[in-house]
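Structure file protein_30.txt; described as compact mmCIF, C-alpha atoms.
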```
# COMPACT_ATOMS: atom_id res chain seq x y z
CA MET A 1 5.67 -12.69 21.53
CA ARG A 2 3.01 -10.53 23.17
CA GLU A 3 -0.22 -10.19 21.21
CA LYS A 4 -1.02 -6.75 19.88
CA TRP A 5 -4.50 -5.96 18.61
CA LYS A 6 -5.00 -3.40 15.92
CA GLU A 7 -8.13 -2.12 14.23
CA ILE A 8 -7.98 -2.04 10.44
CA ARG A 9 -9.78 0.70 8.55
CA LEU A 10 -11.76 -0.76 5.68
CA ARG A 11 -13.06 0.88 2.53
CA HIS A 12 -16.05 -1.45 2.31
CA PRO A 13 -17.75 -3.81 4.80
CA ARG A 14 -17.21 -6.78 2.46
CA GLU A 15 -13.47 -6.51 3.13
CA ALA A 16 -13.98 -7.57 6.76
CA LYS A 17 -15.09 -11.06 5.78
CA PRO A 18 -12.29 -13.51 4.98
CA VAL A 19 -12.23 -14.61 1.34
CA LYS A 20 -13.21 -18.27 1.20
CA ILE A 21 -10.53 -20.71 0.04
CA VAL A 22 -12.27 -23.23 -2.20
CA ALA A 23 -9.27 -25.45 -2.88
CA ASP A 24 -5.52 -25.43 -2.66
CA ALA A 25 -2.49 -26.86 -4.38
CA ALA A 26 1.24 -26.17 -4.58
CA ILE A 27 3.43 -25.16 -7.49
CA SER A 28 7.15 -24.90 -7.96
CA THR A 29 8.34 -23.22 -11.15
CA VAL A 30 11.88 -23.18 -12.47
CA GLY A 31 13.21 -19.64 -12.56
CA LEU A 32 10.31 -18.18 -10.62
CA HIS A 33 10.62 -17.20 -6.97
CA GLY A 34 13.82 -19.25 -6.68
CA GLY A 35 11.99 -22.42 -7.73
CA ARG A 36 10.38 -22.58 -4.28
CA LEU A 37 7.23 -24.58 -3.70
CA LEU A 38 4.40 -22.11 -3.14
CA PRO A 39 0.82 -22.80 -2.12
CA VAL A 40 -1.87 -21.97 -4.66
CA LEU A 41 -5.17 -20.79 -3.20
CA LEU A 42 -8.32 -20.95 -5.30
CA LEU A 43 -10.55 -18.19 -3.96
CA ASP A 44 -14.31 -17.93 -4.04
CA THR A 45 -14.75 -14.41 -5.38
CA SER A 46 -18.53 -14.50 -5.69
CA ASP A 47 -18.82 -11.98 -2.84
CA ARG A 48 -15.64 -10.18 -3.80
CA PRO A 49 -15.81 -8.80 -7.35
CA ASP A 50 -12.89 -6.52 -6.48
CA VAL A 51 -10.66 -9.55 -5.84
CA ALA A 52 -11.75 -11.07 -9.15
CA GLU A 53 -10.91 -7.74 -10.78
CA LEU A 54 -7.48 -7.69 -9.13
CA ILE A 55 -6.66 -11.09 -10.60
CA ARG A 56 -7.98 -10.06 -14.01
CA VAL A 57 -6.16 -6.71 -14.12
CA HIS A 58 -2.88 -8.28 -13.03
CA GLU A 59 -2.79 -10.02 -16.39
CA SER A 60 -2.81 -6.65 -18.23
CA LEU A 61 -0.79 -4.45 -15.91
CA GLY A 62 1.78 -6.93 -14.61
CA PRO A 63 3.48 -6.94 -11.22
CA GLY A 64 2.43 -4.61 -8.43
CA ASP A 65 2.93 -4.05 -4.72
CA VAL A 66 1.31 -5.68 -1.75
CA LYS A 67 1.70 -5.31 2.00
CA ALA A 68 1.28 -8.62 3.82
CA GLN A 69 0.77 -9.14 7.53
CA TRP A 70 0.08 -12.32 9.46
CA GLY A 71 -2.25 -12.14 12.43
CA ARG A 72 -5.42 -13.47 13.96
CA LEU A 73 -9.02 -12.37 13.81
CA LYS A 74 -10.65 -11.44 17.08
CA ASP A 75 -12.54 -14.35 18.73
CA HIS A 76 -11.27 -16.81 16.10
CA GLU A 77 -9.28 -19.16 18.32
CA ASN A 78 -8.28 -21.90 15.93
CA THR A 79 -7.25 -19.87 12.92
CA VAL A 80 -4.58 -17.50 11.71
CA ALA A 81 -5.18 -14.83 9.10
CA LEU A 82 -3.15 -13.28 6.34
CA PHE A 83 -4.01 -9.61 5.75
CA LEU A 84 -3.18 -8.56 2.21
CA ASN A 85 -3.27 -4.93 1.24
CA PHE A 86 -2.71 -4.62 -2.50
CA VAL A 87 -1.55 -1.16 -3.47
CA ARG A 88 -0.82 -1.55 -7.17
CA PRO A 89 -1.95 -2.09 -9.83
CA VAL A 90 -5.33 -2.42 -8.07
CA GLU A 91 -6.09 -1.26 -4.53
CA VAL A 92 -7.71 -4.17 -2.73
CA PHE A 93 -7.71 -5.33 0.86
CA MET A 94 -8.46 -8.94 1.68
CA VAL A 95 -8.20 -11.35 4.55
CA LEU A 96 -7.36 -15.03 4.09
CA GLU A 97 -8.14 -17.20 7.07
CA PHE A 98 -6.51 -20.58 7.70
CA ASP A 99 -7.65 -23.25 10.13
CA ILE A 100 -4.42 -24.07 11.96
CA ALA A 101 -4.89 -27.84 12.25
CA ARG A 102 -6.53 -28.38 8.85
CA GLN A 103 -4.78 -25.79 6.67
CA GLY A 104 -1.61 -25.27 8.69
CA ILE A 105 0.46 -26.81 5.91
CA LEU A 106 -0.53 -23.89 3.68
CA VAL A 107 0.69 -21.37 6.24
CA GLU A 108 3.83 -23.42 6.82
CA GLN A 109 4.46 -23.50 3.07
CA ALA A 110 3.73 -19.78 2.64
CA LEU A 111 6.28 -19.00 5.36
CA THR A 112 8.87 -21.39 3.94
CA GLY A 113 8.34 -20.33 0.32
CA LYS A 114 7.89 -16.65 1.28
CA GLY A 115 4.86 -16.31 -0.95
CA ILE A 116 1.56 -17.66 -2.21
CA TYR A 117 -0.34 -17.75 -5.46
CA ILE A 118 -3.92 -16.61 -5.51
CA THR A 119 -6.32 -17.41 -8.26
CA GLN A 120 -10.03 -17.39 -8.91
CA ALA A 121 -12.12 -20.52 -8.39
CA GLU A 122 -14.72 -21.04 -11.09
CA ASP A 123 -17.12 -22.89 -8.77
CA ALA A 124 -17.27 -24.50 -5.34
CA GLU A 125 -15.91 -27.78 -6.67
CA ASP A 126 -13.11 -26.23 -8.67
CA ARG A 127 -9.57 -27.62 -8.52
CA LEU A 128 -6.35 -26.23 -9.97
CA THR A 129 -5.96 -29.27 -12.23
CA LYS A 130 -9.26 -28.46 -13.95
CA ASN A 131 -7.63 -25.42 -15.53
CA PHE A 132 -3.95 -25.18 -14.87
CA ASN A 133 -3.44 -22.16 -17.13
CA ARG A 134 -5.77 -19.79 -15.28
CA THR A 135 -4.39 -16.38 -14.24
CA LYS A 136 -2.48 -16.64 -10.98
CA VAL A 137 -1.19 -13.73 -8.95
CA ILE A 138 1.97 -14.33 -6.97
CA VAL A 139 2.03 -12.59 -3.60
CA GLU A 140 5.43 -12.24 -2.00
CA ILE A 141 5.35 -12.47 1.77
CA GLY A 142 8.49 -11.16 3.40
CA ASP A 143 9.63 -11.93 6.92
CA THR A 144 7.05 -10.31 9.17
CA GLY A 145 8.40 -11.87 12.37
CA PHE A 146 5.55 -14.36 12.50
CA ARG A 147 7.64 -17.56 12.28
CA GLU A 148 8.30 -17.90 16.02
CA THR A 149 4.64 -17.39 16.94
CA TRP A 150 3.55 -19.75 14.17
CA ASP A 151 5.88 -22.59 15.20
CA ASP A 152 4.42 -22.51 18.69
CA LEU A 153 0.80 -22.24 17.49
CA PHE A 154 1.16 -24.94 14.85
CA TYR A 155 2.73 -27.44 17.24
CA LYS A 156 0.06 -26.86 19.93
CA HIS A 157 -2.81 -27.21 17.46
CA VAL A 158 -1.41 -30.32 15.78
CA VAL A 159 -0.92 -31.91 19.23
CA LYS A 160 -4.51 -30.98 20.11
CA ASP A 161 -5.72 -32.46 16.84
CA PHE A 162 -3.95 -35.75 17.50
CA ARG A 163 -5.36 -35.79 21.05
CA ASN A 164 -8.86 -35.32 19.61
CA LYS A 165 -8.20 -38.27 17.32
CA GLY A 166 -7.54 -40.48 20.35
CA LEU A 167 -3.76 -40.43 20.91
CA ASN A 168 -2.43 -40.00 24.41
CA ARG A 169 -0.47 -36.90 25.41
CA SER A 170 3.07 -38.16 24.77
CA ASP A 171 2.12 -39.93 21.52
CA SER A 172 0.34 -36.75 20.32
CA ARG A 173 3.44 -34.69 20.96
CA ARG A 174 5.70 -37.17 19.21
CA ALA A 175 3.29 -37.51 16.26
CA ALA A 176 2.97 -33.71 15.98
CA ARG A 177 6.75 -33.25 15.89
CA MET A 178 7.10 -35.94 13.23
CA ALA A 179 4.23 -34.58 11.13
CA ILE A 180 5.61 -31.03 11.20
CA GLU A 181 9.08 -32.30 10.35
CA GLU A 182 7.67 -34.17 7.34
CA PHE A 183 5.71 -31.08 6.21
CA ARG A 184 8.90 -29.03 6.36
CA LYS A 185 10.98 -31.63 4.54
CA PHE A 186 8.42 -31.72 1.75
CA GLY A 187 8.00 -27.94 1.73
CA SER A 188 11.70 -27.16 1.44
CA MET A 189 11.76 -28.72 -2.03
CA LYS A 190 13.10 -26.36 -4.71
CA LEU A 191 13.40 -26.66 -8.45
CA ARG A 192 16.84 -25.45 -9.38
CA ASP A 193 17.40 -23.07 -12.26
CA LYS A 194 18.92 -24.82 -15.25
CA LEU A 195 21.07 -23.25 -17.91
CA PRO A 196 19.71 -23.60 -21.42
CA LYS A 197 21.33 -26.52 -23.24
CA ASP A 198 22.70 -24.32 -26.04
CA SER A 199 24.55 -22.02 -23.60
CA GLY A 200 27.48 -24.46 -23.50
CA GLY A 201 27.34 -24.63 -19.70
CA ASN A 202 29.87 -21.86 -19.18
CA SER A 203 29.45 -18.91 -16.78
CA MET B 1 4.90 60.97 59.36
CA THR B 2 6.32 59.57 62.51
CA SER B 3 4.26 56.46 62.21
CA LEU B 4 5.47 55.92 58.58
CA ALA B 5 9.07 56.29 59.73
CA ASN B 6 8.35 53.81 62.47
CA VAL B 7 6.85 51.35 60.00
CA LEU B 8 9.81 51.62 57.57
CA GLY B 9 12.27 51.46 60.40
CA ASP B 10 10.69 48.29 61.70
CA PRO B 11 12.33 45.26 60.03
CA LYS B 12 9.27 43.19 60.85
CA VAL B 13 7.42 45.23 58.25
CA TRP B 14 9.87 46.01 55.50
CA ILE B 15 11.53 42.58 55.30
CA PRO B 16 8.24 40.80 54.41
CA ALA B 17 7.37 43.70 52.12
CA LEU B 18 10.72 43.35 50.36
CA ALA B 19 10.26 39.57 50.15
CA LEU B 20 6.83 40.11 48.61
CA LEU B 21 8.30 42.52 46.07
CA VAL B 22 11.11 40.12 45.14
CA SER B 23 8.66 37.25 44.76
CA LEU B 24 6.39 39.40 42.56
CA ILE B 25 9.37 40.30 40.39
CA SER B 26 10.36 36.64 40.13
CA VAL B 27 6.77 35.69 39.20
CA PHE B 28 6.87 38.32 36.47
CA LEU B 29 10.25 37.13 35.22
CA SER B 30 9.20 33.49 35.18
CA TRP B 31 5.95 34.41 33.36
CA ARG B 32 8.00 36.34 30.81
CA SER B 33 10.53 33.55 30.34
CA GLY B 34 7.64 31.06 30.04
CA LYS B 35 6.18 33.23 27.29
CA ILE B 36 9.54 33.42 25.53
CA ALA B 37 9.99 29.64 25.88
CA ARG B 38 6.53 29.05 24.37
CA ARG B 39 7.40 31.29 21.44
CA ALA B 40 10.76 29.53 21.01
CA LEU B 41 8.96 26.15 21.07
CA ALA B 42 6.44 27.34 18.48
CA ILE B 43 9.28 28.57 16.26
CA SER B 44 11.26 25.32 16.58
CA GLU B 45 8.08 23.28 15.99
CA GLY B 46 7.46 25.36 12.88
CA GLN B 47 11.04 24.74 11.77
CA GLU B 48 10.65 21.01 12.43
CA LYS B 49 7.39 20.99 10.50
CA ARG B 50 9.17 22.62 7.58
CA ARG B 51 11.69 19.77 7.73
CA GLN B 52 8.94 17.18 7.24
CA PRO B 53 8.75 16.09 3.60
CA GLN B 54 5.74 17.45 1.81
CA LEU B 55 4.89 18.17 -1.80
CA GLY B 56 2.20 20.39 -3.22
CA ILE B 57 0.48 19.63 -6.51
CA TYR B 58 -1.01 22.32 -8.68
CA LEU B 59 -2.84 20.99 -11.69
CA ALA B 60 -2.74 23.40 -14.61
CA ASN B 61 -4.44 21.18 -17.17
CA GLY B 62 -5.75 17.69 -17.62
CA TYR B 63 -6.39 16.07 -20.99
CA ARG B 64 -7.57 12.76 -22.31
CA GLN B 65 -7.19 11.31 -25.79
CA LEU B 66 -9.08 8.27 -26.99
CA THR B 67 -7.13 5.81 -29.08
CA SER B 68 -8.09 2.61 -30.84
CA ASN B 69 -7.04 0.43 -27.90
CA GLY B 70 -7.46 2.72 -24.94
CA GLN B 71 -7.04 6.21 -23.55
CA LEU B 72 -4.08 8.50 -23.04
CA PHE B 73 -4.03 10.96 -20.17
CA GLY B 74 -1.85 14.04 -19.86
CA PHE B 75 -1.61 16.28 -16.79
CA LEU B 76 0.34 19.51 -16.77
CA VAL B 77 1.35 20.04 -13.16
CA SER B 78 3.47 22.29 -10.97
CA ILE B 79 4.96 20.51 -8.00
CA THR B 80 6.19 22.60 -5.12
CA ASN B 81 8.45 21.73 -2.25
CA PRO B 82 7.62 24.27 0.49
CA THR B 83 9.83 22.56 3.07
CA ASP B 84 13.41 23.24 4.19
CA ILE B 85 14.70 19.90 2.93
CA ASN B 86 15.59 18.74 -0.55
CA ASN B 87 13.32 16.08 -1.98
CA SER B 88 12.52 14.25 -5.18
CA ILE B 89 9.53 12.63 -6.81
CA ALA B 90 10.15 8.91 -6.97
CA ARG B 91 6.84 7.81 -8.41
CA ALA B 92 3.88 9.38 -10.17
CA GLU B 93 0.67 7.43 -10.56
CA LEU B 94 -2.77 8.04 -11.90
CA GLN B 95 -5.37 6.55 -9.57
CA ILE B 96 -8.45 5.64 -11.57
CA THR B 97 -11.67 4.79 -9.77
CA TYR B 98 -14.02 2.82 -11.97
CA LEU B 99 -17.30 1.08 -11.44
CA LEU B 100 -17.95 -2.55 -12.24
CA GLU B 101 -21.35 -4.20 -12.44
CA LYS B 102 -23.68 -3.42 -9.50
CA ASP B 103 -21.64 -0.25 -8.89
CA VAL B 104 -18.73 -2.09 -7.29
CA GLU B 105 -16.01 0.50 -6.96
CA THR B 106 -12.51 -0.56 -7.99
CA ILE B 107 -9.34 1.49 -7.91
CA CYS B 108 -6.37 0.89 -10.16
CA ARG B 109 -3.12 2.77 -10.46
CA LEU B 110 -1.22 3.54 -13.66
CA GLN B 111 2.44 4.51 -13.72
CA HIS B 112 3.67 7.67 -15.44
CA ASN B 113 4.98 6.68 -18.86
CA PRO B 114 6.98 9.38 -20.73
CA ALA B 115 6.91 7.24 -23.90
CA VAL B 116 3.19 8.06 -24.22
CA GLY B 117 4.31 11.51 -25.45
CA GLU B 118 5.18 9.98 -28.83
CA SER B 119 1.52 9.07 -29.34
CA VAL B 120 0.21 12.54 -28.51
CA SER B 121 0.32 15.01 -31.36
CA HIS B 122 -1.36 17.94 -29.63
CA ASN B 123 0.49 21.28 -29.46
CA ALA B 124 -0.31 21.68 -25.78
CA LEU B 125 2.34 19.10 -25.03
CA GLN B 126 5.00 21.54 -26.23
CA ALA B 127 4.08 24.01 -23.49
CA ALA B 128 6.28 22.15 -21.02
CA ALA B 129 8.64 19.21 -20.80
CA ILE B 130 7.51 15.68 -20.09
CA LEU B 131 8.80 14.85 -16.63
CA SER B 132 11.21 11.95 -16.35
CA LEU B 133 11.33 10.28 -12.96
CA PRO B 134 12.95 10.63 -10.52
CA VAL B 135 12.62 14.42 -10.49
CA ARG B 136 14.71 16.34 -8.00
CA ILE B 137 13.02 19.24 -6.18
CA ASP B 138 15.24 21.21 -3.86
CA ALA B 139 13.91 23.04 -0.82
CA HIS B 140 11.50 25.86 -1.68
CA GLN B 141 11.64 25.02 -5.40
CA THR B 142 9.00 24.20 -7.99
CA VAL B 143 9.13 21.97 -11.03
CA SER B 144 6.61 21.92 -13.80
CA GLY B 145 5.86 19.49 -16.61
CA TRP B 146 3.66 16.76 -17.98
CA PHE B 147 2.77 13.44 -16.46
CA LEU B 148 1.46 11.02 -19.08
CA PHE B 149 -0.45 7.79 -18.61
CA ALA B 150 -1.79 5.14 -20.95
CA LEU B 151 -4.87 3.15 -20.02
CA ASP B 152 -5.45 0.04 -22.07
CA ASN B 153 -9.09 -0.85 -22.73
CA GLN B 154 -8.41 -4.30 -21.31
CA VAL B 155 -7.54 -2.87 -17.91
CA ILE B 156 -10.93 -1.53 -16.95
CA GLY B 157 -12.80 -3.88 -19.26
CA LYS B 158 -16.52 -3.12 -19.13
CA GLY B 159 -16.13 -0.80 -16.16
CA SER B 160 -16.93 2.89 -16.39
CA VAL B 161 -14.44 5.49 -15.17
CA ASP B 162 -15.71 7.42 -12.15
CA SER B 163 -12.80 9.68 -11.20
CA HIS B 164 -9.08 10.33 -11.62
CA ARG B 165 -6.56 11.42 -9.05
CA LEU B 166 -2.83 12.04 -9.29
CA ILE B 167 -0.61 10.47 -6.61
CA LEU B 168 3.03 11.41 -6.12
CA GLU B 169 5.39 9.51 -3.88
CA ASP B 170 8.59 11.17 -2.72
CA THR B 171 11.96 9.83 -1.59
CA HIS B 172 10.64 9.42 1.94
CA ARG B 173 7.73 7.28 0.67
CA VAL B 174 5.32 10.05 1.59
CA SER B 175 2.38 10.15 -0.81
CA THR B 176 0.64 13.31 -1.91
CA SER B 177 -2.59 13.07 -3.85
CA SER B 178 -4.50 15.64 -5.81
CA ASP B 179 -8.22 16.25 -5.63
CA PRO B 180 -10.30 14.40 -8.24
CA ILE B 181 -9.24 15.71 -11.63
CA PRO B 182 -11.65 16.74 -14.38
CA VAL B 183 -10.23 15.93 -17.82
CA ARG B 184 -10.91 17.54 -21.17
CA GLN B 185 -10.92 15.76 -24.47
CA TRP B 186 -7.59 16.05 -26.25
CA LEU B 187 -8.09 16.29 -29.97
CA ASN B 188 -5.50 16.72 -32.66
CA GLU B 189 -5.27 20.19 -34.19
CA GLY B 190 -6.90 19.29 -37.51
CA LYS B 191 -9.81 17.61 -35.76
CA MET B 192 -10.17 20.58 -33.46
CA GLU B 193 -10.51 22.93 -36.41
CA ARG B 194 -13.17 20.76 -37.95
CA ASP B 195 -14.99 20.54 -34.67
CA THR B 196 -15.05 24.29 -34.18
CA THR B 197 -16.06 25.13 -37.74
CA SER B 198 -18.72 22.54 -38.24
CA PRO B 199 -21.48 24.22 -36.16
CA SER B 200 -21.40 27.36 -38.32
CA SER B 201 -21.36 25.55 -41.66
```
Step by step, read the file and then write its structure as structure tokens.
Amino acid sequence: MREKWKEIRLRHPREAKPVKIVADAAISTVGLHGGRLLPVLLLDTSDRPDVAELIRVHESLGPGDVKAQWGRLKDHENTVALFLNFVRPVEVFMVLEFDIARQGILVEQALTGKGIYITQAEDAEDRLTKNFNRTKVIVEIGDTGFRETWDDLFYKHVVKDFRNKGLNRSDSRRAARMAIEEFRKFGSMKLRDKLPKDSGGNS
Amino acid sequence: MTSLANVLGDPKVWIPALALLVSLISVFLSWRSGKIARRALAISEGQEKRRQPQLGIYLANGYRQLTSNGQLFGFLVSITNPTDINNSIARAELQITYLLEKDVETICRLQHNPAVGESVSHNALQAAAILSLPVRIDAHQTVSGWFLFALDNQVIGKGSVDSHRLILEDTHRVSTSSDPIPVRQWLNEGKMERDTTSPSS
């Protein structure tokens, strides 16, 4: 696919800087988003009070609307970016940037699960397990036509990463294919909806 | 006289003169048809523009009522459809801009909630119907009524409200927003009486 560059109009200069991902995890919930495994991103909102506010307000006002677009930031060769434009209940624009080799599994999982969770990190060392019940906002990411581009990018960067770690060209390619296959096998896991026990199992 | 007759009788003169005349006439005709075509284009562009969805908002009144757990907002509006196509309002939202600490501006949107009408006791509400979405507005028609919103104290937390704006979205997902709206305090009738009489007592 041919690259197309577009300038995004921002409301505030702080929106141009990608929001830092402090930690990540993955959650699959029965009855939510088809039980798909979705990545959870713990965001450093110290420079983005509006993002912290978005997460807080979501608890009171419930679901809203967001426009999501995958892309790349100019002169950032080894990353991909997710541009999120929240329209309701709070208007916020944010960019999440992922290092392809290091955080590619998150992108892979977001594309497979068609969504991500975002939540607020309490400090730089925070992990989801430290407070599992924190407010999480689910962001649905529909098919934006990025999959084909991503498959190509991900493979090339994983091969490059293996090459940097000392593997020869053919071994790097084989290892990259196997690693991506494993990621996908793990990522396609789903928790199936179960009928309540007292429903008698009919209909 | 003889020389004029000679000139007119000489085809070398009158044929080019006739050709010049014909070409001048054709220049005039093409100029005139160009002018007509431009007018026709302007008319059809105007017609096409009138086929583009567009809504107009006229705000007659804006009120606010404080409650124990938040604020209620009521806006009496007239919505016009000046276009040649039928349309409808699919969504009505109140866009509230509020300031957090260090003057960080945040914008949230509340959905129109007709059920809020049950919590408002003011007579002004009886002046028009509470609009229930979706509202159909045919071409060149106007509808009028109340849009009501409830803002829970938890939503803006410690933030202070900076401005309000009404946003309408039509069937074609075209949004129309009002200018920032000033709101008046909405008091119940009994309270209003007390308020107005107290200064003189």
Smallest atom-to-atom distance to chain B: which of A:Pro18, A:Pro49, A:Gly34, A:Gly187, using only C-alpha atoms?
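Under the stated criterion, the closest residue is A:Pro49.
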Of B:Gly56, B:Pro82, B:Gly74, B:Gly62, the one nearest to B:Gln141 when counting all atoms listed in the file is B:Pro82
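If you look at atom CA of B:Ile167 and atom CA of B:Ile181, they are 11.3 Å away from each other.
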Find the residues around B:Ala90 up to 9 Å (only C-alpha atoms counted), leave out those fewer than 2 positions away in its own chain, and share them as a list in words.
Ser88, Ala92, Leu133, Pro134, Val135, Arg136, Leu168, Glu169, Asp170, Thr171, His172 and Arg173 of chain B
I need the residues from that last selection saved to file as a PDB file, in the frame of the given file (with C-alpha atoms), if you can.
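What follows is the written file out-v2.pdb:
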```pdb
ATOM      1  CA  SER B  88      12.520  14.250  -5.180  1.00  0.00           C
ATOM      2  CA  ALA B  92       3.880   9.380 -10.170  1.00  0.00           C
ATOM      3  CA  LEU B 133      11.330  10.280 -12.960  1.00  0.00           C
ATOM      4  CA  PRO B 134      12.950  10.630 -10.520  1.00  0.00           C
ATOM      5  CA  VAL B 135      12.620  14.420 -10.490  1.00  0.00           C
ATOM      6  CA  ARG B 136      14.710  16.340  -8.000  1.00  0.00           C
ATOM      7  CA  LEU B 168       3.030  11.410  -6.120  1.00  0.00           C
ATOM      8  CA  GLU B 169       5.390   9.510  -3.880  1.00  0.00           C
ATOM      9  CA  ASP B 170       8.590  11.170  -2.720  1.00  0.00           C
ATOM     10  CA  THR B 171      11.960   9.830  -1.590  1.00  0.00           C
ATOM     11  CA  HIS B 172      10.640   9.420   1.940  1.00  0.00           C
ATOM     12  CA  ARG B 173       7.730   7.280   0.670  1.00  0.00           C
TER      13      ARG B 173
END
```
One decimal, Å: what's the distance from atom CA of B:Gln47 over to atom CA of B:Asp84, could you say?
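Between atom CA of B:Gln47 and atom CA of B:Asp84 the gap works out to 8.1 Å.
With atom CA of B:Asn86 on one side and atom CA of B:Asn61 on the other, the separation reads 26.1 Å.
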Output the contact residues of chain A with respect to chain B at a cut-off of 10 Å, based on all atoms listed in the file, as a list in words.
Arg11, His12, Arg48, Pro49, Asp50, Val51, Glu53, Leu54, Arg56, Val57, His58, Glu59, Ser60, Leu61, Gly64, Val87, Arg88, Pro89, Val90, Glu91 and Val92 of chain A
List the residues sitting within 9 Å of (11.5, 23.3, 0.4) in the file's frame, using only C-alpha atoms, as a PyMOL selection string.
chain B and resi 50-51+53-55+80-87+137-142
Pull C-alpha atoms from the residues just selected and write them as a PDB file, keeping the file's coordinate frame.
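Heads up, here's the output in out.pdb:
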```pdb
ATOM      1  CA  ARG B  50       9.170  22.620   7.580  1.00  0.00           C
ATOM      2  CA  ARG B  51      11.690  19.770   7.730  1.00  0.00           C
ATOM      3  CA  PRO B  53       8.750  16.090   3.600  1.00  0.00           C
ATOM      4  CA  GLN B  54       5.740  17.450   1.810  1.00  0.00           C
ATOM      5  CA  LEU B  55       4.890  18.170  -1.800  1.00  0.00           C
ATOM      6  CA  THR B  80       6.190  22.600  -5.120  1.00  0.00           C
ATOM      7  CA  ASN B  81       8.450  21.730  -2.250  1.00  0.00           C
ATOM      8  CA  PRO B  82       7.620  24.270   0.490  1.00  0.00           C
ATOM      9  CA  THR B  83       9.830  22.560   3.070  1.00  0.00           C
ATOM     10  CA  ASP B  84      13.410  23.240   4.190  1.00  0.00           C
ATOM     11  CA  ILE B  85      14.700  19.900   2.930  1.00  0.00           C
ATOM     12  CA  ASN B  86      15.590  18.740  -0.550  1.00  0.00           C
ATOM     13  CA  ASN B  87      13.320  16.080  -1.980  1.00  0.00           C
ATOM     14  CA  ILE B 137      13.020  19.240  -6.180  1.00  0.00           C
ATOM     15  CA  ASP B 138      15.240  21.210  -3.860  1.00  0.00           C
ATOM     16  CA  ALA B 139      13.910  23.040  -0.820  1.00  0.00           C
ATOM     17  CA  HIS B 140      11.500  25.860  -1.680  1.00  0.00           C
ATOM     18  CA  GLN B 141      11.640  25.020  -5.400  1.00  0.00           C
ATOM     19  CA  THR B 142       9.000  24.200  -7.990  1.00  0.00           C
TER      20      THR B 142
END
```
Among listed residues A:Asp126, A:Glu108, A:Asp161, A:Asp143, nearest A:Ile180 (using all atoms listed in the file):
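The closest residue to A:Ile180 is A:Glu108.
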Would you kindly return, as a PDB file with C-alpha atoms, in the frame of the given file, each protein, DNA or RNA residue with an atom no farther than 8 Å from any atom of B:Pro180, considering all atoms listed in the file and excluding same-chain residues fewer than 6 positions away?
```
ATOM      1  CA  SER B 163     -12.800   9.680 -11.200  1.00  0.00           C
ATOM      2  CA  HIS B 164      -9.080  10.330 -11.620  1.00  0.00           C
ATOM      3  CA  ARG B 165      -6.560  11.420  -9.050  1.00  0.00           C
ATOM      4  CA  LEU B 166      -2.830  12.040  -9.290  1.00  0.00           C
TER       5      LEU B 166
END
```
Closest of A:Asp44, A:Trp70, A:Leu96, A:Leu37 to A:Lys17 - atom-to-atom distances counting all atoms listed in the file:
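Nearest candidate to A:Lys17 out of A:Asp44, A:Trp70, A:Leu96, A:Leu37: A:Leu96.
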Could you list, as a VMD selection string, every residue within 12 Å of A:Asn133, counting only C-alpha atoms and ignoring same-chain residues fewer than 5 positions away?
chain A and resid 119 to 120 127 to 128
If you count all atoms listed in the file, which residues fall within 12 Å of A:Lys74, apart from same-chain ones fewer than 2 positions away, as a list in words?
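Residues near the query, excluding close chain neighbours: Glu3, Lys4, Trp5, Lys6, Glu7, Ile8, Ala16, Gly71, Arg72, His76, Glu77, Asn78, Thr79, Val80, Ala81 and Glu97 of chain A.
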